[in-house]
>>> print(open('final-v7.cif').read())   # mmCIF, C-alpha atoms
data_coords
loop_
_atom_site.label_atom_id
_atom_site.label_comp_id
_atom_site.auth_asym_id
_atom_site.auth_seq_id
_atom_site.Cartn_x
_atom_site.Cartn_y
_atom_site.Cartn_z
CA MET A 1 0.00 0.00 0.00
CA LYS A 2 1.30 3.46 -0.94
CA ALA A 3 1.31 6.39 1.47
CA LEU A 4 -1.53 8.25 -0.30
CA GLU A 5 -3.35 5.25 -1.72
CA GLY A 6 -7.08 5.97 -1.93
CA VAL A 7 -6.60 9.75 -2.16
CA ARG A 8 -8.23 11.13 -5.29
CA VAL A 9 -6.64 14.24 -6.79
CA LEU A 10 -8.26 16.32 -9.50
CA ASP A 11 -5.32 17.99 -11.23
CA MET A 12 -6.28 21.17 -13.11
CA THR A 13 -2.70 22.38 -13.35
CA HIS A 14 -0.53 23.13 -16.36
CA VAL A 15 3.04 24.08 -17.28
CA GLN A 16 5.36 23.43 -14.27
CA SER A 17 4.50 24.77 -10.81
CA GLY A 18 1.27 22.79 -10.50
CA PRO A 19 2.31 19.60 -12.35
CA SER A 20 5.47 19.32 -10.23
CA CYS A 21 3.25 19.30 -7.13
CA THR A 22 0.71 16.78 -8.44
CA GLN A 23 3.43 14.48 -9.79
CA LEU A 24 4.82 14.22 -6.26
CA LEU A 25 1.31 13.39 -5.02
CA ALA A 26 1.08 10.67 -7.68
CA TRP A 27 4.49 9.28 -6.69
CA LEU A 28 3.25 9.09 -3.10
CA GLY A 29 0.39 6.89 -4.29
CA ALA A 30 -2.51 9.27 -4.90
CA ASP A 31 -4.79 8.69 -7.88
CA VAL A 32 -4.03 11.88 -9.81
CA VAL A 33 -6.39 12.61 -12.69
CA LYS A 34 -5.12 15.39 -14.91
CA LEU A 35 -8.05 17.39 -16.24
CA GLU A 36 -7.10 19.09 -19.51
CA ALA A 37 -8.88 21.17 -22.09
CA PRO A 38 -9.54 19.18 -25.28
CA THR A 39 -6.43 20.86 -26.74
CA GLY A 40 -4.31 19.61 -23.82
CA ASP A 41 -1.75 21.12 -21.48
CA ILE A 42 0.22 23.66 -23.52
CA THR A 43 3.50 21.99 -22.59
CA ARG A 44 2.55 18.89 -24.57
CA GLN A 45 3.54 20.96 -27.61
CA GLN A 46 6.26 23.23 -26.21
CA LEU A 47 9.95 22.58 -26.87
CA ARG A 48 9.21 19.42 -28.83
CA ASP A 49 12.21 17.35 -29.86
CA VAL A 50 10.13 14.73 -31.72
CA PRO A 51 7.43 16.01 -34.11
CA GLY A 52 3.86 15.16 -33.17
CA VAL A 53 4.80 13.59 -29.82
CA ASP A 54 4.34 14.96 -26.32
CA SER A 55 7.38 17.03 -25.38
CA LEU A 56 9.87 16.16 -22.67
CA TYR A 57 8.63 19.29 -20.89
CA PHE A 58 5.29 17.53 -20.45
CA THR A 59 6.43 13.95 -19.95
CA MET A 60 8.94 14.80 -17.21
CA LEU A 61 6.29 16.59 -15.11
CA ASN A 62 3.32 14.27 -15.51
CA CYS A 63 4.42 10.71 -14.78
CA ASN A 64 2.10 8.38 -12.86
CA LYS A 65 -1.03 10.40 -13.69
CA ARG A 66 -4.18 9.71 -15.69
CA SER A 67 -5.62 12.16 -18.23
CA ILE A 68 -9.14 13.25 -19.08
CA THR A 69 -10.28 16.11 -21.29
CA LEU A 70 -13.13 18.50 -20.55
CA ASN A 71 -14.36 21.80 -21.95
CA MET A 72 -15.22 23.80 -18.83
CA LYS A 73 -16.94 26.48 -20.91
CA SER A 74 -19.76 24.10 -21.89
CA GLU A 75 -22.75 23.49 -19.64
CA ARG A 76 -22.37 19.71 -19.86
CA GLY A 77 -18.71 20.14 -19.05
CA LYS A 78 -19.60 22.04 -15.87
CA GLU A 79 -22.09 19.33 -14.91
CA ILE A 80 -19.45 16.64 -15.31
CA PHE A 81 -16.92 18.74 -13.40
CA THR A 82 -19.42 19.01 -10.54
CA GLU A 83 -19.53 15.22 -10.29
CA LEU A 84 -15.74 15.01 -10.39
CA VAL A 85 -15.48 17.50 -7.52
CA LYS A 86 -17.92 15.52 -5.40
CA GLU A 87 -15.71 12.45 -5.41
CA ALA A 88 -12.32 14.23 -5.14
CA ASP A 89 -10.20 14.60 -2.01
CA VAL A 90 -7.92 17.27 -3.46
CA LEU A 91 -8.31 19.80 -6.26
CA VAL A 92 -5.15 21.58 -7.46
CA GLU A 93 -5.08 24.49 -9.93
CA ASN A 94 -2.63 27.14 -11.07
CA PHE A 95 -4.74 29.28 -13.38
CA GLY A 96 -4.59 33.06 -13.28
CA PRO A 97 -6.27 34.78 -10.31
CA GLY A 98 -10.05 34.26 -10.28
CA ALA A 99 -10.15 31.91 -13.28
CA VAL A 100 -11.86 29.03 -11.46
CA ASP A 101 -14.32 31.46 -9.84
CA ARG A 102 -15.26 32.75 -13.28
CA MET A 103 -16.01 29.18 -14.33
CA GLY A 104 -18.67 29.22 -11.62
CA PHE A 105 -16.72 27.32 -8.98
CA SER A 106 -15.75 29.63 -6.16
CA TRP A 107 -14.32 28.21 -2.95
CA GLU A 108 -17.73 28.59 -1.35
CA ARG A 109 -19.38 26.65 -4.18
CA LEU A 110 -16.74 23.92 -4.03
CA GLN A 111 -17.30 23.59 -0.27
CA GLU A 112 -21.02 23.15 -0.88
CA LEU A 113 -20.33 20.38 -3.38
CA ASN A 114 -17.76 18.63 -1.19
CA PRO A 115 -17.11 19.82 2.39
CA ARG A 116 -14.12 17.45 2.64
CA LEU A 117 -12.39 18.88 -0.43
CA ILE A 118 -8.91 20.34 -0.09
CA TYR A 119 -8.62 23.08 -2.69
CA ALA A 120 -5.03 24.07 -3.46
CA SER A 121 -4.22 27.10 -5.59
CA ILE A 122 -0.79 28.11 -6.86
CA LYS A 123 -0.48 31.73 -7.94
CA GLY A 124 2.37 34.00 -8.89
CA PHE A 125 1.80 36.42 -6.05
CA GLY A 126 -0.25 37.04 -2.95
CA ALA A 127 -3.34 39.22 -2.69
CA GLY A 128 -1.40 42.52 -2.48
CA ARG A 129 -0.22 44.96 -5.14
CA TYR A 130 1.33 42.25 -7.32
CA ALA A 131 -1.75 40.01 -7.40
CA LYS A 132 -2.54 40.50 -11.10
CA PHE A 133 1.05 40.38 -12.34
CA LYS A 134 1.82 37.52 -14.71
CA ALA A 135 4.27 35.12 -13.13
CA TYR A 136 6.97 33.04 -14.75
CA GLU A 137 9.88 31.16 -13.23
CA VAL A 138 12.44 33.94 -13.56
CA VAL A 139 9.92 36.66 -12.67
CA ALA A 140 9.41 34.86 -9.36
CA GLN A 141 13.19 34.64 -8.91
CA ALA A 142 13.48 38.34 -9.64
CA MET A 143 10.77 39.33 -7.16
CA GLY A 144 11.60 36.82 -4.43
CA GLY A 145 15.17 37.88 -3.67
CA SER A 146 17.07 35.27 -5.67
CA MET A 147 18.33 37.27 -8.64
CA SER A 148 19.53 40.29 -6.66
CA THR A 149 21.79 38.01 -4.63
CA THR A 150 22.98 35.72 -7.46
CA GLY A 151 25.99 36.49 -9.63
CA PHE A 152 29.32 38.21 -9.17
CA GLU A 153 29.78 41.56 -7.46
CA ASP A 154 30.57 43.49 -10.63
CA GLY A 155 28.07 41.68 -12.83
CA PRO A 156 24.31 41.79 -13.48
CA PRO A 157 21.73 39.88 -11.43
CA LEU A 158 21.45 36.27 -12.58
CA ALA A 159 18.77 33.59 -12.62
CA THR A 160 19.59 30.22 -11.14
CA GLY A 161 19.21 27.10 -13.27
CA ALA A 162 17.24 25.44 -10.47
CA GLN A 163 13.51 25.99 -10.98
CA ILE A 164 12.93 27.45 -7.54
CA GLY A 165 10.03 29.58 -8.76
CA ASP A 166 8.04 26.79 -10.41
CA SER A 167 9.04 23.42 -8.98
CA GLY A 168 10.10 25.06 -5.71
CA THR A 169 6.56 26.39 -5.33
CA GLY A 170 5.18 22.98 -6.24
CA VAL A 171 7.01 21.43 -3.29
CA HIS A 172 5.64 24.13 -0.98
CA ALA A 173 2.13 23.41 -2.25
CA LEU A 174 2.66 19.70 -1.64
CA SER A 175 3.53 20.46 1.99
CA GLY A 176 0.32 22.43 2.44
CA ILE A 177 -1.81 19.72 0.84
CA LEU A 178 -0.31 16.97 2.99
CA ALA A 179 -0.86 19.08 6.12
CA ALA A 180 -4.49 19.70 5.13
CA LEU A 181 -5.04 15.99 4.48
CA TYR A 182 -3.70 15.20 7.93
CA GLN A 183 -5.81 17.90 9.60
CA ARG A 184 -8.89 16.54 7.84
CA THR A 185 -8.40 13.25 9.70
CA GLN A 186 -8.97 15.26 12.89
CA THR A 187 -11.70 17.66 11.76
CA GLY A 188 -13.42 15.89 8.87
CA ARG A 189 -13.29 19.17 6.94
CA GLY A 190 -11.38 20.23 3.85
CA GLN A 191 -9.72 23.61 3.55
CA ARG A 192 -8.13 26.08 1.17
CA VAL A 193 -4.39 25.87 0.52
CA GLN A 194 -2.78 28.86 -1.21
CA VAL A 195 0.85 29.24 -2.25
CA ALA A 196 2.44 32.07 -4.21
CA MET A 197 5.58 31.69 -6.29
CA GLN A 198 7.08 34.92 -4.97
CA HIS A 199 6.51 33.75 -1.41
CA ALA A 200 8.10 30.36 -2.04
CA VAL A 201 11.22 31.91 -3.58
CA LEU A 202 11.47 34.36 -0.69
CA ASN A 203 11.26 31.46 1.76
CA LEU A 204 14.15 29.78 -0.07
CA CYS A 205 16.11 33.04 0.15
CA ARG A 206 15.65 33.51 3.89
CA VAL A 207 19.38 33.41 4.63
CA LYS A 208 19.78 36.52 2.49
CA LEU A 209 17.16 38.28 4.64
CA ARG A 210 19.20 37.13 7.62
CA ASP A 211 22.24 38.85 6.13
CA GLN A 212 20.22 41.97 5.27
CA GLN A 213 19.59 42.44 8.97
CA ARG A 214 23.19 41.63 9.89
CA LEU A 215 24.33 44.50 7.65
CA ALA A 216 23.06 46.94 10.27
CA HIS A 217 25.97 45.84 12.45
CA GLY A 218 28.71 46.12 9.86
CA PRO A 219 30.19 44.35 6.82
CA LEU A 220 29.49 40.68 6.26
CA ARG A 221 32.91 39.23 6.95
CA GLU A 222 32.06 35.82 5.48
CA TYR A 223 31.54 37.44 2.07
CA PRO A 224 34.54 38.08 -0.20
CA ASN A 225 33.22 41.52 -1.24
CA GLU A 226 35.49 44.48 -0.71
CA SER A 227 32.71 46.94 0.11
CA PHE A 228 29.13 46.84 1.37
CA GLY A 229 26.19 49.16 0.91
CA ASP A 230 22.78 48.96 2.53
CA GLU A 231 21.67 45.73 0.83
CA VAL A 232 23.05 42.22 0.53
CA PRO A 233 25.43 42.13 -2.45
CA ARG A 234 26.02 39.46 -5.05
CA SER A 235 28.99 37.42 -3.90
CA GLY A 236 29.79 34.94 -6.65
CA ASN A 237 30.26 31.40 -5.39
CA ALA A 238 30.82 32.32 -1.76
CA SER A 239 28.80 30.23 0.64
CA GLY A 240 27.94 33.26 2.77
CA GLY A 241 27.62 30.91 5.73
CA GLY A 242 29.67 30.13 8.78
CA GLN A 243 32.18 28.08 6.77
CA PRO A 244 33.72 29.72 3.68
CA GLY A 245 33.43 27.93 0.35
CA TRP A 246 34.32 28.50 -3.31
CA ALA A 247 34.40 26.69 -6.64
CA VAL A 248 38.03 26.09 -7.63
CA ARG A 249 39.20 25.18 -11.11
CA CYS A 250 40.53 21.75 -12.03
CA ALA A 251 42.26 20.21 -15.03
CA PRO A 252 41.81 20.21 -17.96
CA GLY A 253 39.99 23.52 -17.52
CA GLY A 254 36.62 22.83 -19.17
CA PRO A 255 33.45 24.76 -18.31
CA ASN A 256 32.50 22.32 -15.52
CA ASP A 257 35.96 21.29 -14.38
CA TYR A 258 35.50 22.68 -10.89
CA VAL A 259 35.17 21.38 -7.35
CA TYR A 260 33.34 23.30 -4.66
CA VAL A 261 35.39 23.26 -1.46
CA ILE A 262 34.33 24.19 2.09
CA VAL A 263 37.11 25.15 4.49
CA GLN A 264 36.18 24.22 8.05
CA PRO A 265 38.52 25.12 10.93
CA VAL A 266 39.54 21.46 11.33
CA GLY A 267 40.06 21.15 7.58
CA TRP A 268 42.74 23.77 7.14
CA LYS A 269 45.70 21.62 8.23
CA PRO A 270 44.87 18.68 5.92
CA ILE A 271 44.19 21.11 3.07
CA ALA A 272 47.56 22.78 3.65
CA ASP A 273 49.21 19.35 3.51
CA ILE A 274 47.34 18.31 0.36
CA ILE A 275 48.24 21.44 -1.58
CA GLY A 276 51.88 21.11 -0.61
CA ARG A 277 51.95 24.09 1.76
CA PRO A 278 52.08 22.41 5.22
CA GLU A 279 53.73 25.49 6.75
CA LEU A 280 50.46 27.43 6.39
CA ALA A 281 48.87 25.28 9.09
CA GLU A 282 51.12 26.94 11.70
CA ASP A 283 51.61 30.36 10.11
CA PRO A 284 49.82 33.00 12.26
CA GLU A 285 48.73 34.72 9.03
CA TRP A 286 46.77 31.61 7.99
CA ALA A 287 46.39 29.26 10.95
CA THR A 288 43.04 30.48 12.35
CA PRO A 289 39.64 31.10 10.73
CA GLU A 290 39.84 34.73 11.87
CA ALA A 291 43.19 35.19 10.15
CA ARG A 292 41.91 33.65 6.91
CA LEU A 293 38.62 35.56 6.88
CA SER A 294 40.15 38.79 5.60
CA LYS A 295 41.80 37.06 2.64
CA LEU A 296 39.39 34.38 1.48
CA ASP A 297 40.15 35.15 -2.16
CA LYS A 298 43.86 34.49 -1.60
CA MET A 299 43.10 31.34 0.37
CA PHE A 300 41.08 29.81 -2.45
CA GLN A 301 43.70 30.96 -4.95
CA LEU A 302 46.27 28.91 -3.05
CA ILE A 303 43.96 25.89 -3.16
CA GLU A 304 43.30 26.40 -6.86
CA GLU A 305 47.00 26.47 -7.65
CA TRP A 306 46.94 22.80 -6.61
CA THR A 307 43.53 21.76 -7.98
CA ILE A 308 44.23 23.14 -11.47
CA ARG A 309 46.93 20.49 -11.85
CA HIS A 310 44.46 17.60 -11.25
CA ASP A 311 41.11 16.50 -12.66
CA LYS A 312 38.05 17.04 -10.47
CA TRP A 313 37.64 13.36 -9.59
CA THR A 314 41.22 13.16 -8.31
CA VAL A 315 40.64 16.33 -6.30
CA LEU A 316 37.41 14.88 -4.94
CA ASP A 317 39.12 11.68 -3.80
CA ARG A 318 42.01 13.48 -2.14
CA LEU A 319 39.78 15.91 -0.24
CA ASN A 320 37.21 13.31 0.78
CA ALA A 321 39.97 11.11 2.14
CA GLU A 322 40.59 13.85 4.70
CA ASN A 323 36.87 14.39 5.37
CA ILE A 324 36.87 17.84 3.75
CA PRO A 325 33.41 18.93 2.52
CA CYS A 326 33.52 19.22 -1.26
CA GLY A 327 31.67 18.32 -4.42
CA PRO A 328 32.44 18.33 -8.14
CA ILE A 329 30.43 20.57 -10.42
CA LEU A 330 28.37 18.00 -12.35
CA SER A 331 27.08 18.87 -15.80
CA THR A 332 23.66 17.78 -17.01
CA LYS A 333 25.36 15.15 -19.19
CA GLU A 334 27.27 13.78 -16.21
CA LEU A 335 24.10 13.65 -14.12
CA VAL A 336 22.14 11.79 -16.80
CA GLU A 337 24.96 9.24 -17.05
CA ASP A 338 25.71 8.98 -13.32
CA GLU A 339 25.58 5.31 -12.33
CA SER A 340 25.13 6.07 -8.64
CA LEU A 341 22.05 8.20 -9.30
CA ARG A 342 20.70 5.43 -11.53
CA GLU A 343 21.17 2.87 -8.77
CA GLU A 344 19.47 5.20 -6.29
CA GLY A 345 16.44 5.57 -8.57
CA ILE A 346 16.84 9.33 -8.88
CA VAL A 347 17.69 9.21 -12.59
CA VAL A 348 15.31 6.78 -14.29
CA THR A 349 14.41 5.64 -17.78
CA VAL A 350 10.71 5.56 -18.67
CA ASP A 351 9.17 3.87 -21.69
CA HIS A 352 6.65 6.12 -23.47
CA PRO A 353 4.14 4.56 -25.90
CA GLU A 354 4.83 7.13 -28.64
CA ARG A 355 8.33 8.56 -28.10
CA GLY A 356 9.99 5.44 -26.74
CA GLU A 357 12.40 5.68 -23.83
CA PHE A 358 13.23 8.97 -22.13
CA VAL A 359 15.22 9.85 -19.04
CA THR A 360 13.67 11.75 -16.15
CA VAL A 361 14.17 12.50 -12.48
CA GLY A 362 12.73 9.94 -10.09
CA SER A 363 11.05 10.72 -6.80
CA PRO A 364 13.29 12.56 -4.33
CA LEU A 365 10.81 11.50 -1.61
CA GLN A 366 11.80 8.00 -0.57
CA LEU A 367 9.59 6.21 1.97
CA SER A 368 10.49 2.74 3.23
CA ASP A 369 6.89 1.49 3.07
CA SER A 370 5.87 3.38 -0.05
CA PRO A 371 8.39 2.77 -2.86
CA VAL A 372 7.91 4.68 -6.10
CA ASP A 373 7.70 3.06 -9.51
CA VAL A 374 7.88 5.89 -12.06
CA ARG A 375 5.32 5.19 -14.78
CA THR A 376 4.79 6.76 -18.18
CA PRO A 377 2.71 9.97 -18.35
CA PRO A 378 -0.75 9.74 -19.92
CA LEU A 379 -1.63 10.51 -23.50
CA LEU A 380 -4.18 13.29 -23.93
CA GLY A 381 -7.60 12.05 -22.80
CA GLU A 382 -6.29 8.50 -22.45
CA HIS A 383 -8.57 7.76 -19.50
CA ASN A 384 -11.79 9.49 -20.61
CA GLU A 385 -13.74 6.27 -21.04
CA GLU A 386 -12.53 4.78 -17.76
CA ILE A 387 -13.18 7.79 -15.53
CA TYR A 388 -16.30 9.17 -17.15
CA GLY A 389 -17.71 5.65 -17.26
CA ARG A 390 -17.28 5.54 -13.48
CA LEU A 391 -19.50 8.64 -13.32
CA GLY A 392 -22.21 6.89 -15.33
CA VAL A 393 -21.50 8.43 -18.72
CA SER A 394 -22.37 5.88 -21.39
CA ALA A 395 -20.25 5.02 -24.41
CA ASP A 396 -22.84 6.66 -26.69
CA GLU A 397 -22.77 9.89 -24.72
CA LEU A 398 -18.97 9.85 -24.67
CA ALA A 399 -18.97 9.73 -28.47
CA GLU A 400 -21.49 12.57 -28.56
CA LEU A 401 -19.48 14.64 -26.07
CA LYS A 402 -16.36 14.19 -28.17
CA ALA A 403 -18.19 15.14 -31.38
CA ASN A 404 -19.53 18.29 -29.68
CA GLY A 405 -16.12 19.34 -28.31
CA VAL A 406 -17.07 18.81 -24.65
CA ILE A 407 -14.24 16.31 -24.17
#
>>> encode(input="final-v7.cif", output="structure tokens")
Amino acid sequence: MKALEGVRVLDMTHVQSGPSCTQLLAWLGADVVKLEAPTGDITRQQLRDVPGVDSLYFTMLNCNKRSITLNMKSERGKEIFTELVKEADVLVENFGPGAVDRMGFSWERLQELNPRLIYASIKGFGAGRYAKFKAYEVVAQAMGGSMSTTGFEDGPPLATGAQIGDSGTGVHALSGILAALYQRTQTGRGQRVQVAMQHAVLNLCRVKLRDQQRLAHGPLREYPNESFGDEVPRSGNASGGGQPGWAVRCAPGGPNDYVYVIVQPVGWKPIADIIGRPELAEDPEWATPEARLSKLDKMFQLIEEWTIRHDKWTVLDRLNAENIPCGPILSTKELVEDESLREEGIVVTVDHPERGEFVTVGSPLQLSDSPVDVRTPPLLGEHNEEIYGRLGVSADELAELKANGVI
């Protein structure tokens, strides 16, 4: 039995923030039914690499789900949707503000139909001045504190490659849904769950708000920046935490030939030995964290003078042998081909009925009693007959509904 077995989820989401949330629900065992317009989720067609086949954008965000199609603008479509709501435990949507209300299904109406329903909404922003802004991944990064603190001191703000605005918000929404499901076991009532992309990014950037407040008491000594104003600066690859870190170059000098190294107080002596400068372990100018703090750039330059003569895997082995926190910069190609990640079930191959095999990310949530078997995503409307039949819609009516554009 899976953790969420028996939980019925009506998935009205599209693109990434919502589908990333509902895919996690499906991996945890919920029966996730993706409700799409007859034309389908827009990402089925976006960034296609194989003509006429669902894109990787869609397939990698919709595994383990079922798909039905429904035209919510039609009266019969609204009637069918009403029946779907009555039997659902969770409804998830990420339309623009007020879109579901305009369909005739406000939160109050949904509660009338199903008092146990958990209604989760993902929006770009909260109810304040930004409420009607259009939200995209990098817009959320820009307005949540990520971009202003990412990049090098003398360069422009940068977006991170991690989808913290979309998939990061999806994980936040998952947390709210699971909490609401648990609370329902105590109260018997459903509730509204609302998550904004800007809020989720800001939550992920909380350490930068920590440092914003620390600025009132002087420069941030853990940062390599030479000067500080009244806001947290961009600081390149500095960790900005209690233990300094930096990405140092390795041989042969390719774009991802780097290892990120953390220098803990106990790690300085073994690092000094490894780089061939054992005298630095006793030198008053280098021996203590306080002494090194004012010249972090020079410290990592010394380390890099050694690492640049070795490939990143040799560097990794040497540093790990001395229990020094470090990690190689792994490219997307290296990650896809990583045997360890394959064995752990985090990089998986899925067989799709139309495109054949594709590689995707497996479930990062690993429960001992609820293992995840990543299954192929559904074709558009693949489960119309099965699910609408359960609602009492006959085969003849299904054919009529399809002919009339209702499904």
>>> residues_around(input="final-v7.cif", residues="Leu113 (chain A)", least_positions_apart="4", cutoff="10 Å", atoms="all atoms listed in the file", output="NGL selection string")
:A and (82-87 or 105 or 107-109 or 117)
>>> resolve_selection(input="final-v7.cif", expression="the PyMOL selection byres ((chain A and resi 377) around 8)", output="list of chain:residue names")
A:Thr59, A:Met60, A:Asn62, A:Cys63, A:Asn64, A:Lys65, A:Arg66, A:His352, A:Arg375, A:Thr376, A:Pro378, A:Leu379
>>> atom_distance(input="final-v7.cif", atom1="CA of Gly392 (chain A)", atom2="CA of Glu79 (chain A)")
12.4 Å
>>> atom_distance(input="final-v7.cif", atom1="CA of Val15 (chain A)", atom2="CA of Tyr119 (chain A)")
18.7 Å
>>> atom_distance(input="final-v7.cif", atom1="CA of Ser175 (chain A)", atom2="CA of Asp31 (chain A)")
17.5 Å
>>> closest_residue(input="final-v7.cif", among="A:Val315, A:Ala3, A:Leu398, A:Val374", to="Leu178 (chain A)", atoms="only C-alpha atoms")
A:Ala3
